[in-house]
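A.B. asks: Would you mind keeping the following structure in view while I ask a few things?
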Amino acid sequence: MNNRRYETLLVVLFGIGLGLVMLDRMAINFLFPVLVKEFGLNNTHIGQIILFQTLGWAIFGLVFSILADRTGYKKWLMVPLLVLTTVFSAGSAFTVGLTSLILMRFFLGIVEGPYTPLYVSILHVQTDPKRFAVAVGLVVGIAGIIGGLIAPLLVTQLLVRYDWHWAFIVSSLPTLVLAILIGLYVKEVKTTSAVDGASVEKADWSDFAKLLKYRNVVLCIVLIVLSMLAMWSFFVYSPLYWVQLGKMSEQSMGFIMSATGVSVIFWNFVIPAISNRIGRKTVLIVFAPILACMFLVMYFSVGTVAQILFVILGGIAGALPSLLFIIGTESVPRTLATTSPSLIMGVGELLGGAVGTGTMGALADLYGLQTVMIIIAGALILFSAVSFGLIETSPHLVSKKI
């Protein structure tokens with residue numbers, strides 16, 4: 001169970017998988033400047049597309065996670081969902097307008113939503129508890145190389161050299177290969193076999209209500225809404241921000257988004273490691289205001305300082321939610337190891353990702369794209385304040401689960 005080579009294999013495969021899932025999910029963000037012209041879209045339409053895509057993530061992430069906890073099958077839910085991710089991501093290339101694009105992205109959200117709670121729960125069962133947070137951080141860091149560094153360059157270069165149709169198709173194909181590799185090399189270890197041979201109760205739909213008895217879970221739900229609002233508004237509207245307000249070409253926008261991907265990689269390695277030493281709670285309290293400062297600068301200026309801070313600090317936006325999944329997982333029994341992060345993610349995707357990011361589009365049309373930045377900054381300040389209520393879960397600092 002705690003074989004280091006196998007743990008490394010899990011981290012690499014799940015990191016690549018998360019990166020490809022994020023590539024498929026975010027490819028449309030880098031294509032929005034062109035799709036705006038192709039389909040006559042405005043920021044409100046963009047918000048609607050993201051709203052329905054994120055609804056798929058939120059709702060079906062919850063559905064499949066409880067199914068995984070009920071049956072114990074996690075790998076064999078993950079594999080077919082990854083295959084369907086390729087289908088619906090490539091299918092976006094064949095849409096002909098706003099309605100068909102919304103439908104295709106909604107179906108994509110349905111099959112991608114369960115990936116995060118499934119991989120987190122597999123790692124929780126099949127890795128050493130003291131290495132769990134670092135393992136999740138490494139997964140997100142590897143994903144950052146693909147989703148943050150490679151994705152903007154790949155998608156925008158395909159766009160420049162071919163067109164947006166091929167950008168969707170080509171970027172979707174590696175996910176199919178990854179699904180095969182996970183099917184071949186990842187073990188299916190049921191929770192009942194992983195908890196020291198003890199007799200454990202199967203998860204049920206009522207477990208979502210049971211989770212609300214855990215203080216950390218409740219607070220993580222509040223925090224994930226705020227952090228998802230910040231993260232997805234950052235990823236969705238930044239490409240438009242730099243093209244429309246910063247007057248960058250689509251290719252230059254791809255380069256700055258890719259440079260920010262290095263920041264995503266860096267912070268997703270560093271933040272979980274720091275949280276092991278000084279505590280998950282302290283990291284959330286400190287780093288959220290630091291990120292807020294970047295968005296405040298972007299509100300007042302699109303100049304060099306804003307660009308530098310965007311590249312250096314932007315990756316924190318992707319690291320905060322993953323730390324909340326870790327806290328949510330460490331705060332509950334192992335039989336709820338999929339249900340807890342999926343509930344947290346589901347509510348965050350629904351309220352912060354879908355409703356919040358969707359609303360941002362309408363506000364951007366009314367008051368300008370820079371308004372999005374000041375709202376995100378305010379959400380992050382509130383995030384820091386709420387984090388004071390968390391109970392520490394780092395294995396290095398506490399001797400038992402909450």
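Quick note on naming: the chains in the structure tokens go A, B, ... in the order shown, residues restart at 1 in each chain, and ligands are numbered from 1 in order of appearance.
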So that I can see what lies close to stretch 159-170 of chain A, please list as a list in words the residues with an atom at most 10 Å from it, counting only C-alpha atoms and leaving out residues fewer than 4 positions away in the same chain.

C.D. replies: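 Close residues of stretch 159-170 of chain A: Leu23, Asp24, Ala27, Ile28, Phe30, Leu31, Phe32, Val34, Leu35, Glu38, Thr86, Val87, Phe88, Ser89, Ala90, Gly91, Ser92, Ala93, Phe94, Thr95, Leu153, Leu154, Val155, Pro174, Glu250 and Gln251 of chain A.
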
A.B. asks: Using only C-alpha atoms, which residues sit within 6 Å of A:Arg105 once same-chain residues fewer than 3 positions away are excluded, as number ranges by chain?

C.D. replies: A: 53, 102, 108

A.B. asks: Go ahead and write the selection's residues with all heavy atoms as a PDB file, in the first residue's frame.

C.D. replies:
```pdb
ATOM      1  N   GLN A  53     -21.243  24.522 -18.110  1.00  0.00           N
ATOM      2  CA  GLN A  53     -20.127  23.585 -18.006  1.00  0.00           C
ATOM      3  C   GLN A  53     -19.832  23.270 -16.545  1.00  0.00           C
ATOM      4  O   GLN A  53     -19.621  22.108 -16.168  1.00  0.00           O
ATOM      5  CB  GLN A  53     -18.887  24.182 -18.675  1.00  0.00           C
ATOM      6  CG  GLN A  53     -17.645  23.312 -18.548  1.00  0.00           C
ATOM      7  CD  GLN A  53     -16.470  23.882 -19.331  1.00  0.00           C
ATOM      8  OE1 GLN A  53     -16.470  23.917 -20.547  1.00  0.00           O
ATOM      9  NE2 GLN A  53     -15.455  24.352 -18.619  1.00  0.00           N
ATOM     10  N   ILE A 102     -23.043  25.428 -25.614  1.00  0.00           N
ATOM     11  CA  ILE A 102     -23.438  25.269 -24.211  1.00  0.00           C
ATOM     12  C   ILE A 102     -23.725  23.805 -23.895  1.00  0.00           C
ATOM     13  O   ILE A 102     -23.272  23.273 -22.870  1.00  0.00           O
ATOM     14  CB  ILE A 102     -24.673  26.138 -23.891  1.00  0.00           C
ATOM     15  CG1 ILE A 102     -24.272  27.622 -23.797  1.00  0.00           C
ATOM     16  CG2 ILE A 102     -25.330  25.691 -22.579  1.00  0.00           C
ATOM     17  CD1 ILE A 102     -25.445  28.558 -23.582  1.00  0.00           C
ATOM     18  N   LEU A 108     -19.448  17.874 -21.227  1.00  0.00           N
ATOM     19  CA  LEU A 108     -18.048  17.770 -20.839  1.00  0.00           C
ATOM     20  C   LEU A 108     -17.905  17.921 -19.331  1.00  0.00           C
ATOM     21  O   LEU A 108     -17.157  17.180 -18.679  1.00  0.00           O
ATOM     22  CB  LEU A 108     -17.211  18.822 -21.562  1.00  0.00           C
ATOM     23  CG  LEU A 108     -15.711  18.830 -21.235  1.00  0.00           C
ATOM     24  CD1 LEU A 108     -15.060  17.530 -21.712  1.00  0.00           C
ATOM     25  CD2 LEU A 108     -15.008  20.031 -21.879  1.00  0.00           C
TER      26      LEU A 108
END
```

A.B. asks: What is the distance between atom CA of A:Ile327 and atom CA of A:Ile150, in Å to one decimal?

C.D. replies: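 Distance between the two atoms: 28.9 Å.
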
A.B. asks: Give me, as a list in words, all polymer residues having an atom no more than 12 Å from A:Arg215, counting only C-alpha atoms and skipping those fewer than 2 positions away in the same chain.

C.D. replies: Lys210, Leu211, Leu212, Lys213, Val217, Val218, Leu219, Cys220, Ile221, Val222, Ile327, Gly328, Ser331, Val332, Ser387, Gly389, Leu390, Ile391, Glu392, Thr393 and Ile402 of chain A

A.B. asks: Can you list every residue in stretch 34-127 of chain A that DSSP puts in alpha helix (DSSP H), as a count of residues only?

C.D. replies: 79

A.B. asks: Could you list, as an MDAnalysis selection string, every residue within 6 Å of stretch 307-322 of chain A, counting only C-alpha atoms and ignoring same-chain residues fewer than 3 positions away?

C.D. replies: chainID A and resid 231 259:260 263:264 267:268 294 304 325

A.B. asks: For a quick check of understanding, using only C-alpha atoms, which of A:Gly358, A:Pro114, A:Gly279, A:Gly19 has the smallest distance to A:Leu138?

C.D. replies: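 Under the stated criterion, the closest residue is A:Gly19.
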
A.B. asks: Just to confirm, what's the straight-line distance from atom CA of A:Leu226 to atom CA of A:Val386 in Å (one decimal)?

C.D. replies: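 We find that atom CA of A:Leu226 and atom CA of A:Val386 lie 10.0 Å from each other.
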
A.B. asks: Give me the residues within 6 Å of stretch 286-289 of chain A as a list in words, counting only C-alpha atoms and dropping any in the same chain fewer than 4 places off.

C.D. replies: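 Using only C-alpha atoms, the neighbours found are Leu380, Ile381 and Ser384 of chain A.
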
A.B. asks: Using only C-alpha atoms, which protein or nucleic acid residues come within 8 Å of A:Thr357? Drop anything in the same chain fewer than 4 positions from it, and give the result as number ranges by chain.

C.D. replies: A: 47, 50-51, 229, 232-233, 352-353, 361

A.B. asks: May I ask for the distance between atom CA of A:Ala209 and atom CA of A:Met228, given in Å to one decimal place?

C.D. replies: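 Going from atom CA of A:Ala209 over to atom CA of A:Met228, I get 22.1 Å.
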
A.B. asks: Can you list, as a list in words, every protein, DNA or RNA residue that comes within 9 Å of A:Thr175 when you count only C-alpha atoms, leaving out same-chain residues fewer than 2 positions away?

C.D. replies: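 Once the nearby chain positions are removed, what remains is Ile16, Gly17, Leu20, Val21, Asp24, Leu82, Val83, Thr85, Thr86, Ser171, Ser172, Leu173, Val177, Leu178, Ala179 and Ile180 of chain A.
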
A.B. asks: Considering only C-alpha atoms, state which residue in the set A:Phe255, A:Ser249, A:Ser394, A:Glu349 is at the smallest distance from A:Phe132.

C.D. replies: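 Counting only C-alpha atoms, the residue closest to A:Phe132 is A:Ser394.
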
A.B. asks: Find the residue from A:Gly141, A:Gly40, A:Pro117, A:Gly303 that sits nearest to A:Leu324; use only C-alpha atoms when measuring.

C.D. replies: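 Going through A:Gly141, A:Gly40, A:Pro117, A:Gly303 one by one, the smallest distance to A:Leu324 is for A:Pro117.
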
A.B. asks: When you count only C-alpha atoms, which of these residues is closest to A:Val236: A:Ala354, A:Thr127, A:Glu7, A:Gly97?

C.D. replies: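 Result for the nearest residue to A:Val236: A:Ala354.
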